[in-house]
Amino acid sequence: YLPGGGFIGGLVAAATFSLHCLAFSALETRKLLRMSPTALAAAGLLVAALSGFWSLFAGRPFLTGKWTTLHAGVLGDYHLGTPLLFDIGIYLVVIGATLSIVLSLAEEQ
């Protein structure tokens, strides 16, 4: 129940888009992304920051994990928390930042 995995997951996802860029072109990869890498990084930063503010609203220190249980019937119960939101935000930041660099370098050729 601790944060972790968003960074390496973002690197793996960025690597797949980088390979697509090598196989096709930077323009084709940008079409596949459907949004600019900088907007993706900004959205991720917003999600990561909002996951930290959630605990402030509950009177706890910034980035303290908050949890809730999702009852999914026959599928069981799922414990969801703000560390998941933080990792999703980091995932998006890493993809956006990495692809911003890779695609700008690929377009220079």
# chains A, B, ... in the order shown; residues from 1 in each chain; ligands from 1
>>> residues_around(residues="Trp67 in chain A", least_positions_apart="6", cutoff="7 Å", atoms="only C-alpha atoms", output="list in words")
His79, Leu80, Gly81 and Thr82 of chain A
>>> write_last_selection(atoms="all heavy atoms", output="PDB file, in the first residue's frame")
ATOM      1  N   HIS A  79      -9.402  -2.220  -2.162  1.00  0.00           N
ATOM      2  CA  HIS A  79      -8.963  -1.104  -1.339  1.00  0.00           C
ATOM      3  C   HIS A  79      -8.203  -0.129  -2.233  1.00  0.00           C
ATOM      4  O   HIS A  79      -7.129  -0.430  -2.729  1.00  0.00           O
ATOM      5  CB  HIS A  79      -8.090  -1.591  -0.194  1.00  0.00           C
ATOM      6  CG  HIS A  79      -8.760  -2.606   0.667  1.00  0.00           C
ATOM      7  ND1 HIS A  79      -9.797  -2.285   1.517  1.00  0.00           N
ATOM      8  CD2 HIS A  79      -8.582  -3.933   0.786  1.00  0.00           C
ATOM      9  CE1 HIS A  79     -10.207  -3.363   2.128  1.00  0.00           C
ATOM     10  NE2 HIS A  79      -9.481  -4.384   1.701  1.00  0.00           N
ATOM     11  N   LEU A  80      -8.795   1.019  -2.456  1.00  0.00           N
ATOM     12  CA  LEU A  80      -8.197   2.034  -3.315  1.00  0.00           C
ATOM     13  C   LEU A  80      -7.726   3.203  -2.464  1.00  0.00           C
ATOM     14  O   LEU A  80      -8.406   3.601  -1.523  1.00  0.00           O
ATOM     15  CB  LEU A  80      -9.213   2.527  -4.345  1.00  0.00           C
ATOM     16  CG  LEU A  80      -9.786   1.472  -5.280  1.00  0.00           C
ATOM     17  CD1 LEU A  80     -10.855   2.078  -6.163  1.00  0.00           C
ATOM     18  CD2 LEU A  80      -8.691   0.862  -6.116  1.00  0.00           C
ATOM     19  N   GLY A  81      -6.563   3.734  -2.816  1.00  0.00           N
ATOM     20  CA  GLY A  81      -6.029   4.834  -2.031  1.00  0.00           C
ATOM     21  C   GLY A  81      -5.315   5.865  -2.866  1.00  0.00           C
ATOM     22  O   GLY A  81      -5.103   5.703  -4.071  1.00  0.00           O
ATOM     23  N   THR A  82      -4.927   6.920  -2.197  1.00  0.00           N
ATOM     24  CA  THR A  82      -4.241   8.012  -2.887  1.00  0.00           C
ATOM     25  C   THR A  82      -2.853   7.633  -3.411  1.00  0.00           C
ATOM     26  O   THR A  82      -2.404   8.257  -4.368  1.00  0.00           O
ATOM     27  CB  THR A  82      -4.142   9.240  -1.970  1.00  0.00           C
ATOM     28  OG1 THR A  82      -3.515   8.867  -0.741  1.00  0.00           O
ATOM     29  CG2 THR A  82      -5.518   9.814  -1.691  1.00  0.00           C
TER      30      THR A  82
END
>>> residues_around(residues="Ala26 in chain A", least_positions_apart="4", cutoff="12 Å", atoms="only C-alpha atoms", output="list of chain:residue names")
A:Phe17, A:Ser18, A:Leu19, A:His20, A:Cys21, A:Leu22, A:Arg30, A:Lys31, A:Leu32, A:Leu33, A:Ser36, A:Pro37, A:Leu99, A:Ser100, A:Ile101, A:Val102, A:Leu103, A:Ser104, A:Leu105, A:Ala106, A:Glu107, A:Glu108, A:Gln109
>>> residues_around(residues="range 48-59 of chain A", least_positions_apart="4", cutoff="8 Å", atoms="only C-alpha atoms", output="list in words")
Gly44, Leu63, Thr64, Gly65, Lys66, Thr82, Pro83, Leu85, Phe86, Asp87, Ile88, Gly89 and Ile90 of chain A
>>> write_last_selection(atoms="all heavy atoms", output="PDB file, in the first residue's frame")
ATOM      1  N   GLY A  44      -0.396  14.753 -15.584  1.00  0.00           N
ATOM      2  CA  GLY A  44       0.145  13.852 -14.568  1.00  0.00           C
ATOM      3  C   GLY A  44       0.581  14.587 -13.318  1.00  0.00           C
ATOM      4  O   GLY A  44       0.360  14.119 -12.198  1.00  0.00           O
ATOM      5  N   LEU A  63       0.403  14.426   1.357  1.00  0.00           N
ATOM      6  CA  LEU A  63       0.769  13.110   0.818  1.00  0.00           C
ATOM      7  C   LEU A  63       0.587  11.958   1.801  1.00  0.00           C
ATOM      8  O   LEU A  63       1.130  10.878   1.589  1.00  0.00           O
ATOM      9  CB  LEU A  63       2.198  13.100   0.269  1.00  0.00           C
ATOM     10  CG  LEU A  63       2.389  13.803  -1.069  1.00  0.00           C
ATOM     11  CD1 LEU A  63       3.863  13.799  -1.460  1.00  0.00           C
ATOM     12  CD2 LEU A  63       1.562  13.168  -2.164  1.00  0.00           C
ATOM     13  N   THR A  64      -0.194  12.146   2.856  1.00  0.00           N
ATOM     14  CA  THR A  64      -0.553  11.021   3.711  1.00  0.00           C
ATOM     15  C   THR A  64      -1.594  10.195   2.972  1.00  0.00           C
ATOM     16  O   THR A  64      -2.562  10.727   2.436  1.00  0.00           O
ATOM     17  CB  THR A  64      -1.138  11.514   5.056  1.00  0.00           C
ATOM     18  OG1 THR A  64      -0.157  12.331   5.697  1.00  0.00           O
ATOM     19  CG2 THR A  64      -1.507  10.359   5.947  1.00  0.00           C
ATOM     20  N   GLY A  65      -1.402   8.888   2.932  1.00  0.00           N
ATOM     21  CA  GLY A  65      -2.319   8.015   2.202  1.00  0.00           C
ATOM     22  C   GLY A  65      -3.709   7.983   2.814  1.00  0.00           C
ATOM     23  O   GLY A  65      -3.868   7.875   4.025  1.00  0.00           O
ATOM     24  N   LYS A  66      -4.694   8.108   1.968  1.00  0.00           N
ATOM     25  CA  LYS A  66      -6.095   7.982   2.365  1.00  0.00           C
ATOM     26  C   LYS A  66      -6.678   6.806   1.596  1.00  0.00           C
ATOM     27  O   LYS A  66      -6.378   6.602   0.419  1.00  0.00           O
ATOM     28  CB  LYS A  66      -6.886   9.254   2.030  1.00  0.00           C
ATOM     29  CG  LYS A  66      -6.419  10.503   2.762  1.00  0.00           C
ATOM     30  CD  LYS A  66      -6.572  10.411   4.253  1.00  0.00           C
ATOM     31  CE  LYS A  66      -8.032  10.374   4.633  1.00  0.00           C
ATOM     32  NZ  LYS A  66      -8.272  10.194   6.044  1.00  0.00           N
ATOM     33  N   THR A  82      -4.927   6.920  -2.197  1.00  0.00           N
ATOM     34  CA  THR A  82      -4.241   8.012  -2.887  1.00  0.00           C
ATOM     35  C   THR A  82      -2.853   7.633  -3.411  1.00  0.00           C
ATOM     36  O   THR A  82      -2.404   8.257  -4.368  1.00  0.00           O
ATOM     37  CB  THR A  82      -4.142   9.240  -1.970  1.00  0.00           C
ATOM     38  OG1 THR A  82      -3.515   8.867  -0.741  1.00  0.00           O
ATOM     39  CG2 THR A  82      -5.518   9.814  -1.691  1.00  0.00           C
ATOM     40  N   PRO A  83      -2.152   6.622  -2.849  1.00  0.00           N
ATOM     41  CA  PRO A  83      -0.889   6.234  -3.483  1.00  0.00           C
ATOM     42  C   PRO A  83      -1.073   5.759  -4.925  1.00  0.00           C
ATOM     43  O   PRO A  83      -0.196   5.963  -5.767  1.00  0.00           O
ATOM     44  CB  PRO A  83      -0.359   5.112  -2.593  1.00  0.00           C
ATOM     45  CG  PRO A  83      -0.904   5.428  -1.245  1.00  0.00           C
ATOM     46  CD  PRO A  83      -2.280   5.977  -1.529  1.00  0.00           C
ATOM     47  N   LEU A  85      -3.336   7.016  -7.029  1.00  0.00           N
ATOM     48  CA  LEU A  85      -3.451   8.251  -7.807  1.00  0.00           C
ATOM     49  C   LEU A  85      -2.088   8.910  -8.010  1.00  0.00           C
ATOM     50  O   LEU A  85      -1.792   9.423  -9.089  1.00  0.00           O
ATOM     51  CB  LEU A  85      -4.398   9.235  -7.121  1.00  0.00           C
ATOM     52  CG  LEU A  85      -5.871   8.900  -7.142  1.00  0.00           C
ATOM     53  CD1 LEU A  85      -6.650   9.920  -6.329  1.00  0.00           C
ATOM     54  CD2 LEU A  85      -6.378   8.841  -8.558  1.00  0.00           C
ATOM     55  N   PHE A  86      -1.266   8.889  -6.962  1.00  0.00           N
ATOM     56  CA  PHE A  86       0.069   9.459  -7.066  1.00  0.00           C
ATOM     57  C   PHE A  86       0.887   8.724  -8.124  1.00  0.00           C
ATOM     58  O   PHE A  86       1.554   9.349  -8.952  1.00  0.00           O
ATOM     59  CB  PHE A  86       0.774   9.395  -5.704  1.00  0.00           C
ATOM     60  CG  PHE A  86       2.145   9.983  -5.712  1.00  0.00           C
ATOM     61  CD1 PHE A  86       2.319  11.356  -5.677  1.00  0.00           C
ATOM     62  CD2 PHE A  86       3.263   9.173  -5.755  1.00  0.00           C
ATOM     63  CE1 PHE A  86       3.581  11.914  -5.690  1.00  0.00           C
ATOM     64  CE2 PHE A  86       4.531   9.714  -5.763  1.00  0.00           C
ATOM     65  CZ  PHE A  86       4.694  11.090  -5.732  1.00  0.00           C
ATOM     66  N   ASP A  87       0.827   7.395  -8.127  1.00  0.00           N
ATOM     67  CA  ASP A  87       1.570   6.616  -9.115  1.00  0.00           C
ATOM     68  C   ASP A  87       1.058   6.846 -10.532  1.00  0.00           C
ATOM     69  O   ASP A  87       1.844   6.875 -11.483  1.00  0.00           O
ATOM     70  CB  ASP A  87       1.515   5.127  -8.788  1.00  0.00           C
ATOM     71  CG  ASP A  87       2.637   4.700  -7.872  1.00  0.00           C
ATOM     72  OD1 ASP A  87       3.656   5.413  -7.819  1.00  0.00           O
ATOM     73  OD2 ASP A  87       2.498   3.660  -7.214  1.00  0.00           O
ATOM     74  N   ILE A  88      -0.242   6.998 -10.689  1.00  0.00           N
ATOM     75  CA  ILE A  88      -0.790   7.306 -12.016  1.00  0.00           C
ATOM     76  C   ILE A  88      -0.273   8.662 -12.491  1.00  0.00           C
ATOM     77  O   ILE A  88       0.097   8.821 -13.657  1.00  0.00           O
ATOM     78  CB  ILE A  88      -2.337   7.262 -11.993  1.00  0.00           C
ATOM     79  CG1 ILE A  88      -2.814   5.819 -11.799  1.00  0.00           C
ATOM     80  CG2 ILE A  88      -2.921   7.866 -13.263  1.00  0.00           C
ATOM     81  CD1 ILE A  88      -4.297   5.689 -11.536  1.00  0.00           C
ATOM     82  N   GLY A  89      -0.214   9.620 -11.583  1.00  0.00           N
ATOM     83  CA  GLY A  89       0.322  10.932 -11.936  1.00  0.00           C
ATOM     84  C   GLY A  89       1.783  10.859 -12.340  1.00  0.00           C
ATOM     85  O   GLY A  89       2.189  11.451 -13.345  1.00  0.00           O
ATOM     86  N   ILE A  90       2.594  10.142 -11.580  1.00  0.00           N
ATOM     87  CA  ILE A  90       4.011   9.988 -11.911  1.00  0.00           C
ATOM     88  C   ILE A  90       4.171   9.264 -13.236  1.00  0.00           C
ATOM     89  O   ILE A  90       5.018   9.621 -14.066  1.00  0.00           O
ATOM     90  CB  ILE A  90       4.751   9.243 -10.786  1.00  0.00           C
ATOM     91  CG1 ILE A  90       4.730  10.078  -9.505  1.00  0.00           C
ATOM     92  CG2 ILE A  90       6.171   8.890 -11.174  1.00  0.00           C
ATOM     93  CD1 ILE A  90       5.370  11.450  -9.646  1.00  0.00           C
TER      94      ILE A  90
END
>>> select_by_dssp(residues="chain A", states="strand (DSSP E or B)", output="ChimeraX atom specification")
/A:67-71,77-81
>>> atom_distance(atom1="CA of Phe62 in chain A", atom2="CA of Val47 in chain A")
14.0 Å
>>> closest_residue(among="A:Ile95, A:Thr68, A:Gly10, A:Arg60", to="Met35 in chain A", atoms="only C-alpha atoms")
A:Ile95
>>> atom_distance(atom1="CA of Val93 in chain A", atom2="CA of Leu27 in chain A")
20.7 Å
>>> closest_residue(among="A:Ile8, A:Ala23, A:Val74, A:Leu45", to="Leu92 in chain A", atoms="only C-alpha atoms")
A:Leu45
>>> select_by_dssp(residues="chain A", states="helix (DSSP H, G or I)", output="count of residues only")
76
>>> atom_distance(atom1="CA of Leu84 in chain A", atom2="CA of Val12 in chain A")
17.8 Å
>>> closest_residue(among="A:Ala14, A:Ala72, A:Ser25, A:Gly9", to="Gly96 in chain A", atoms="only C-alpha atoms")
A:Ala14
>>> closest_residue(among="A:Gly76, A:Thr29, A:Ala13, A:His71", to="Thr98 in chain A", atoms="only C-alpha atoms")
A:Ala13
